[in-house]
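Beneath this line is the structure, given in structure tokens, with notes to follow.
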Amino acid sequence: MNFPVPARLRAIALAIGLGCTLLTVSLLWGAAQAADSTPASGTSGCAMASETKGSPAGTPAAEANCIEDDMHDIYFGANLLTVPADTDVKVIFHNVGAAEHTFVISDHNNQDVENLDINLAVQPGETGETTINAPAGTYYFWCDIPGHEAAGMWGILKVEENGPITAQSVDDPKAA
Ligand SMILES: [Cu+2]
């Protein structure tokens with residue numbers, strides 16, 4: 001006597017077999033992903049907007065003397081930066097806008113502090129960096145592309161003795 005296996009049973013067996021294969025593959029895939037997974041952000045260790053680097057005591061973060069900021073159309077992602085005085089701090093700008101932007105710290109609006117003579121231009125979609133090393137004081141920075149400063153593309157850099165390294169977005173950097 002021949003007992004033919006109903007088509008439905010064969011389909012179920014096939015589905016179970018396929019399911020096991022998929023499960024195995026997905027488990028292996030998951031393990032592989034977990035093995036090389038890295039945090040999506042903050043890997044640079046630089047201070048970014050809404051994030052403060054440095055110990056609670058206010059000493060600079062020795063392992064990451066850097067700040068990351070974004071240039072938008074038409075404002076700086078972080079418009080209030082603080083760095084320690086007389087210390088090299090790398091500042092990295094990502095231009096995420098559609099227009100060219102600049103990061104300028106000149107004698108413009110800076111009457112009582114040293115002219116740092118910084119002028120970094122960053123093309124759309126690109127990243128640029130410069131290094132700040134300044135005596136203590138409050139500095140004005142801005143984008144010198146015509147019209148951008150008037151549209152609000154400026155900020156304040158506070159250089160403080162043994163100060164922290166921070167990048168913040170605030171309503172009024174001059175009042176901070
Ligand atoms: Cu600009």
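Going through the structure tokens in order, the chains are called A, B, and so on, while each chain numbers its residues from 1 and the ligands are numbered from 1 in the order shown.
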
Can I get the residues close to ligand 1 as a list in words, where close means within 9 Å and we count only C-alpha atoms and all ligand atoms?
->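 Those within range of ligand 1 are Met71, His72, Asp73, Ile74, Tyr75, Phe76, Gly97, Ala99, Glu100, His101, Thr102, Phe103, Trp142, Cys143, Asp144, Ile145, Pro146, Gly147, His148, Glu149, Ala151, Met153 and Trp154 of chain A.
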
Could you write out that same residue set with C-alpha atoms as a PDB file, in the first residue's frame?
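Full text of selection.pdb as output:
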```
ATOM      1  CA  MET A  71      27.272  74.556   9.430  1.00  0.00           C
ATOM      2  CA  HIS A  72      23.678  74.859   8.300  1.00  0.00           C
ATOM      3  CA  ASP A  73      21.794  77.215   5.942  1.00  0.00           C
ATOM      4  CA  ILE A  74      22.079  79.634   7.669  1.00  0.00           C
ATOM      5  CA  TYR A  75      23.366  79.097  11.203  1.00  0.00           C
ATOM      6  CA  PHE A  76      25.971  77.238  13.229  1.00  0.00           C
ATOM      7  CA  GLY A  97      23.985  72.934   4.117  1.00  0.00           C
ATOM      8  CA  ALA A  99      25.758  76.827   0.515  1.00  0.00           C
ATOM      9  CA  GLU A 100      29.414  77.513   1.220  1.00  0.00           C
ATOM     10  CA  HIS A 101      30.019  78.644   4.800  1.00  0.00           C
ATOM     11  CA  THR A 102      32.959  80.013   6.712  1.00  0.00           C
ATOM     12  CA  PHE A 103      34.116  80.041  10.310  1.00  0.00           C
ATOM     13  CA  TRP A 142      30.779  84.430  12.251  1.00  0.00           C
ATOM     14  CA  CYS A 143      30.285  83.284   8.691  1.00  0.00           C
ATOM     15  CA  ASP A 144      31.544  85.991   6.328  1.00  0.00           C
ATOM     16  CA  ILE A 145      29.563  84.888   3.285  1.00  0.00           C
ATOM     17  CA  PRO A 146      27.472  87.994   2.432  1.00  0.00           C
ATOM     18  CA  GLY A 147      24.127  87.965   4.228  1.00  0.00           C
ATOM     19  CA  HIS A 148      24.835  84.987   6.462  1.00  0.00           C
ATOM     20  CA  GLU A 149      25.834  86.895   9.587  1.00  0.00           C
ATOM     21  CA  ALA A 151      20.646  85.879   9.002  1.00  0.00           C
ATOM     22  CA  MET A 153      25.147  82.770  11.362  1.00  0.00           C
ATOM     23  CA  TRP A 154      27.438  83.862  14.192  1.00  0.00           C
TER      24      TRP A 154
END
```

Give me the residues within 6 Å of region 45-48 of chain A as a PyMOL selection string, counting only C-alpha atoms and dropping any in the same chain fewer than 6 places off.
-> chain A and resi 64+66-68+166-167

Have a look at CA of Pro135 (chain A) and CA of Asp70 (chain A) and let me know their distance in Å, one decimal.
->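 If I compute the distance from CA of Pro135 (chain A) to CA of Asp70 (chain A), I get 24.4 Å.
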
Quick one: residues within 8 Å of region 110-120 of chain A, only C-alpha atoms counted, chain neighbours fewer than 2 positions away excluded, as a PyMOL selection string?
-> chain A and resi 102-108+122+128-130+134-135+137-140

Store the residues picked out above in a file with C-alpha atoms, as a compact mmCIF listing (two decimals), in the first residue's frame.
```txt
# COMPACT_ATOMS: atom_id res chain seq x y z
CA THR A 102 32.96 80.01 6.71
CA PHE A 103 34.12 80.04 10.31
CA VAL A 104 35.82 83.36 10.93
CA ILE A 105 37.38 84.80 14.08
CA SER A 106 38.91 88.11 13.06
CA ASP A 107 38.94 91.65 14.41
CA HIS A 108 35.28 91.90 13.36
CA VAL A 122 33.90 74.73 3.99
CA GLY A 128 36.98 71.31 7.37
CA GLU A 129 39.03 71.80 10.48
CA THR A 130 41.14 74.40 12.16
CA ALA A 134 43.87 81.62 22.22
CA PRO A 135 44.38 83.69 25.33
CA GLY A 137 38.65 86.14 26.51
CA THR A 138 35.29 86.22 24.77
CA TYR A 139 35.49 86.03 21.01
CA TYR A 140 32.91 86.59 18.32
```

One-decimal distance in Å that lies between CA of Pro173 (chain A) and CA of Gly125 (chain A) |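 If I compute the distance from CA of Gly125 (chain A) to CA of Pro173 (chain A), I get 25.9 Å.
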
So which one's closest to His94 (chain A), A:Ser44, A:Ser169, A:Gln123, A:Asn65? Using only C-alpha atoms, please.
->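 So, comparing all the options, the nearest one is A:Gln123.
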
Compare A:Pro84, A:Ala49, A:Ala136, A:Asn79 by their minimum atom-to-atom distance to Pro164 (chain A), counting only C-alpha atoms, and give me the closest one.
->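 The closest residue to Pro164 (chain A) is A:Pro84.
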
Would you mind telling me which residue in A:Ala121, A:Ala176, A:Ala150, A:Leu157 lies nearest to Asn95 (chain A) when using only C-alpha atoms?
->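 When distances to Asn95 (chain A) are compared using only C-alpha atoms, the smallest one comes from A:Ala121.
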
In Å, rounded to a single decimal, give me how far CA of Gly77 (chain A) is from CA of Pro124 (chain A).
->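 Between CA of Pro124 (chain A) and CA of Gly77 (chain A) the gap works out to 14.6 Å.
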